[in-house]
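Below is coords09.cif, holding mmCIF, C-alpha atoms.
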data_protein
#
loop_
_atom_site.label_atom_id
_atom_site.label_comp_id
_atom_site.auth_asym_id
_atom_site.auth_seq_id
_atom_site.Cartn_x
_atom_site.Cartn_y
_atom_site.Cartn_z
CA MET A 158 102.94 81.88 6.32
CA LYS A 159 99.32 83.08 6.18
CA SER A 160 96.22 81.55 7.73
CA LEU A 161 92.71 82.26 6.51
CA MET A 162 89.68 81.33 8.57
CA ILE A 163 86.49 81.28 6.50
CA LEU A 164 83.23 81.51 8.45
CA ARG A 165 79.72 81.40 7.13
CA HIS A 166 77.60 83.82 9.18
CA ALA A 167 75.67 82.32 12.08
CA GLU A 168 71.99 81.40 11.89
CA ALA A 169 69.93 84.29 10.53
CA ALA A 170 66.24 85.00 10.82
CA ALA A 171 64.00 84.81 7.80
CA GLY A 172 63.07 88.37 7.05
CA ASN A 173 60.29 90.28 5.39
CA GLY A 174 62.54 93.22 4.57
CA PRO A 175 65.69 93.48 2.48
CA ASP A 176 68.02 90.45 2.66
CA ILE A 177 70.99 92.61 3.64
CA GLU A 178 69.15 93.68 6.83
CA ARG A 179 68.42 90.18 8.16
CA SER A 180 69.57 89.76 11.78
CA LEU A 181 70.87 86.74 13.61
CA THR A 182 68.44 84.61 15.56
CA GLY A 183 68.99 84.05 19.27
CA ALA A 184 70.55 80.72 18.35
CA GLY A 185 72.80 82.48 15.82
CA ARG A 186 74.03 84.96 18.42
CA ALA A 187 74.76 82.03 20.76
CA GLN A 188 76.61 80.16 17.96
CA ALA A 189 78.87 83.12 17.23
CA HIS A 190 79.55 83.83 20.91
CA ALA A 191 80.34 80.13 21.58
CA LEU A 192 82.72 80.05 18.62
CA GLY A 193 84.54 83.09 19.98
CA ARG A 194 84.91 81.39 23.37
CA LEU A 195 86.22 78.23 21.71
CA LEU A 196 88.81 80.15 19.68
CA ARG A 197 89.92 81.84 22.91
CA GLU A 198 90.19 78.47 24.71
CA TRP A 199 92.21 77.06 21.79
CA ASN A 200 94.51 80.12 21.85
CA MET A 201 93.80 80.89 18.18
CA PRO A 202 94.78 84.52 17.59
CA LEU A 203 93.03 86.70 15.04
CA GLY A 204 94.82 89.53 13.28
CA ARG A 205 91.68 91.03 11.80
CA ILE A 206 88.15 90.16 10.77
CA VAL A 207 86.68 91.11 7.42
CA CYS A 208 82.97 90.71 6.76
CA SER A 209 80.32 91.67 4.28
CA SER A 210 78.05 94.64 4.85
CA ALA A 211 75.08 92.37 5.66
CA LYS A 212 73.74 92.81 9.18
CA ARG A 213 74.03 89.06 9.91
CA THR A 214 77.77 88.94 9.09
CA ARG A 215 78.49 92.05 11.15
CA GLU A 216 76.55 90.60 14.09
CA THR A 217 78.35 87.26 13.72
CA ALA A 218 81.70 89.06 13.92
CA GLU A 219 80.60 91.18 16.89
CA PHE A 220 79.29 88.23 18.93
CA LEU A 221 82.39 86.18 18.09
CA VAL A 222 84.62 89.02 19.34
CA ALA A 223 82.50 89.28 22.50
CA GLY A 224 82.99 85.54 23.09
CA ARG A 225 86.77 85.90 22.61
CA GLU A 226 86.81 88.74 25.13
CA ALA A 227 89.51 90.45 23.09
CA GLU A 228 89.43 93.33 20.65
CA VAL A 229 89.98 92.41 17.00
CA PRO A 230 90.00 94.96 14.17
CA LEU A 231 86.86 94.61 12.04
CA ILE A 232 86.65 95.66 8.39
CA VAL A 233 83.19 95.79 6.78
CA ALA A 234 83.30 95.59 2.99
CA GLU A 235 80.24 96.06 0.76
CA GLU A 236 81.83 94.05 -2.06
CA LEU A 237 81.77 90.89 0.10
CA TYR A 238 77.96 90.83 0.30
CA ASN A 239 76.90 87.65 -1.57
CA ALA A 240 80.26 87.61 -3.38
CA SER A 241 81.33 84.55 -5.35
CA GLY A 242 84.43 82.60 -4.39
CA GLU A 243 86.33 84.48 -7.07
CA GLY A 244 85.11 87.82 -5.70
CA LEU A 245 86.17 86.88 -2.18
CA LEU A 246 89.58 85.79 -3.47
CA LYS A 247 90.14 89.08 -5.29
CA TYR A 248 89.25 91.04 -2.16
CA LEU A 249 91.61 88.99 0.02
CA GLN A 250 94.48 89.38 -2.48
CA ASN A 251 94.36 93.13 -1.80
CA LEU A 252 94.68 92.92 1.99
CA PRO A 253 97.73 94.55 3.60
CA ASP A 254 100.42 92.02 4.50
CA ASP A 255 100.82 93.14 8.12
CA GLY A 256 98.57 90.38 9.50
CA ASP A 257 99.20 86.65 9.19
CA ARG A 258 95.74 85.47 10.30
CA VAL A 259 92.45 86.76 8.91
CA LEU A 260 88.90 85.68 9.65
CA LEU A 261 86.49 86.19 6.74
CA VAL A 262 82.76 86.21 7.57
CA ALA A 263 80.61 85.92 4.45
CA HIS A 264 77.88 83.95 2.69
CA VAL A 265 77.23 80.73 0.78
CA PRO A 266 77.93 79.72 -1.88
CA GLY A 267 80.95 82.08 -1.96
CA VAL A 268 82.60 80.78 1.22
CA ALA A 269 82.38 77.15 0.04
CA GLU A 270 83.66 78.10 -3.42
CA LEU A 271 86.60 79.99 -1.93
CA ALA A 272 87.62 77.10 0.35
CA SER A 273 87.43 74.69 -2.57
CA MET A 274 89.43 76.95 -4.89
CA LEU A 275 92.21 77.43 -2.35
CA VAL A 276 92.73 73.73 -1.59
CA THR A 277 91.82 71.97 -4.86
CA GLU A 278 92.31 74.57 -7.65
CA HIS A 279 88.64 74.10 -8.63
CA VAL A 280 85.17 74.69 -7.23
CA ASP A 281 84.65 70.96 -6.76
CA LEU A 282 85.11 70.30 -3.05
CA ALA A 283 81.68 69.31 -1.76
CA LEU A 284 81.63 71.23 1.53
CA ILE A 285 78.40 71.40 3.45
CA TYR A 286 78.67 74.92 4.81
CA LYS A 287 75.92 75.24 7.39
CA ALA A 288 75.47 78.51 9.24
CA ALA A 289 78.41 79.16 11.64
CA THR A 290 80.71 76.56 10.02
CA LEU A 291 84.38 77.54 10.18
CA VAL A 292 87.20 76.38 7.90
CA GLU A 293 90.87 77.22 8.38
CA ILE A 294 93.25 77.17 5.43
CA ALA A 295 97.00 77.66 5.82
CA MET A 296 99.29 78.90 3.04
CA GLU A 297 103.07 78.99 2.74
CA GLU A 298 102.83 82.36 1.01
CA ASP A 299 103.96 85.48 2.88
CA ARG A 300 101.78 87.97 0.99
CA TRP A 301 98.01 88.03 0.64
CA SER A 302 98.50 88.99 -3.01
CA GLU A 303 99.96 85.48 -3.55
CA LEU A 304 96.74 83.83 -2.36
CA ASP A 305 95.50 81.81 -5.32
CA TYR A 306 93.96 78.57 -6.55
CA GLY A 307 95.51 75.47 -5.00
CA VAL A 308 97.92 77.19 -2.58
CA GLY A 309 96.06 76.26 0.60
CA ILE A 310 96.23 73.39 3.04
CA LEU A 311 92.96 72.55 4.80
CA ARG A 312 93.77 72.57 8.54
CA LEU A 313 90.38 72.68 10.21
CA VAL A 314 86.70 72.14 9.44
CA LEU A 315 84.58 73.01 12.45
CA PRO A 316 80.81 72.55 12.33
CA PRO A 317 78.63 75.01 14.25
CA VAL A 318 79.51 75.17 17.93
CA SER A 319 76.60 74.89 20.34
CA ALA A 320 76.19 77.42 23.13
CA GLY A 321 76.78 74.57 25.60
CA GLY A 322 80.33 73.96 24.34
#

Can you give me the file's structure in the form of structure tokens?
Amino acid sequence: MKSLMILRHAEAAAGNGPDIERSLTGAGRAQAHALGRLLREWNMPLGRIVCSSAKRTRETAEFLVAGREAEVPLIVAEELYNASGEGLLKYLQNLPDDGDRVLLVAHVPGVAELASMLVTEHVDLALIYKAATLVEIAMEEDRWSELDYGVGILRLVLPPVSAGG
């Protein structure tokens, strides 16, 4: 059984430079750190984190790991930057099967499309995916290559966690 956690990056600053270089705001850093603490309190293990090459997704992953107070392997993949749901799915289908739980940190609309595809077979699930929203989808499949439309069961939708808890 596989479990995929899909996280939209935390709150990012509006930037004057290239979009890929936008950083998290102070509130975004606090959101990611608080989410990491919450996952630790809930005893939710993470096998690995994969994120896009955008600065805001990398920072989200780093602050989340700091909040968990536990090392988690991090994979940064250029092809996840602003990827569609289909692009995210294709990337995930090529993951090694040694881990049963993966956290994906990416962007809208791709994260919302992916969640919808996995649980409804279409891109029709109207998810409001605010910054730092986390969705967990479980699958009976044993291999990431078997991840596909309609194989997922929506287990958790968690809106952004405040720094206060």

(request) Specify as a VMD selection string each residue included when the PyMOL selection byres ((chain A and resi 189-199) around 7) is applied to this file. (result) chain A and resid 167 185 to 188 200 to 201 217 220 to 225 289 318 to 320 322

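Reported to one decimal place, the separation of CA of Asp281 in chain A from CA of Tyr248 in chain A is 21.1 Å.
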
(request) Give me, please, the distance in Å between CA of Arg179 in chain A and CA of Cys208 in chain A, quoted to one decimal. (result) 14.6 Å

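Taking only C-alpha atoms into account, Arg258 in chain A lies nearest to A:Ile206 out of the set A:Ala169, A:Val280, A:Ile206, A:Leu313.
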
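Of the residues under consideration (A:Leu271, A:Ala170, A:Ile310, A:Leu161), A:Leu271 shows the shortest atom-to-atom contact distance to Lys247 in chain A when counting only C-alpha atoms.
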
Spatial neighbours of Thr290 in chain A, 8 Å, all atoms listed in the file, chain gap at least 5 places, as a short mmCIF file (atom, residue, chain, number, x, y, z; two decimals) with C-alpha atoms, keeping the file's coordinate frame:
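Once everything was written out, this is out06.cif:
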data_model
loop_
_atom_site.label_atom_id
_atom_site.label_comp_id
_atom_site.auth_asym_id
_atom_site.auth_seq_id
_atom_site.Cartn_x
_atom_site.Cartn_y
_atom_site.Cartn_z
CA LEU A 164 83.23 81.51 8.45
CA ARG A 165 79.72 81.40 7.13
CA HIS A 166 77.60 83.82 9.18
CA ALA A 167 75.67 82.32 12.08
CA VAL A 314 86.70 72.14 9.44
CA LEU A 315 84.58 73.01 12.45
CA PRO A 316 80.81 72.55 12.33
CA PRO A 317 78.63 75.01 14.25
#

(message) Can you tell me which residues surround Leu246 in chain A at a distance of at most 8 Å, considering all atoms listed in the file, apart from same-chain residues fewer than 2 positions away, and format the answer as a ChimeraX atom specification?
(response) /A:242-244,248-250,271,304-305
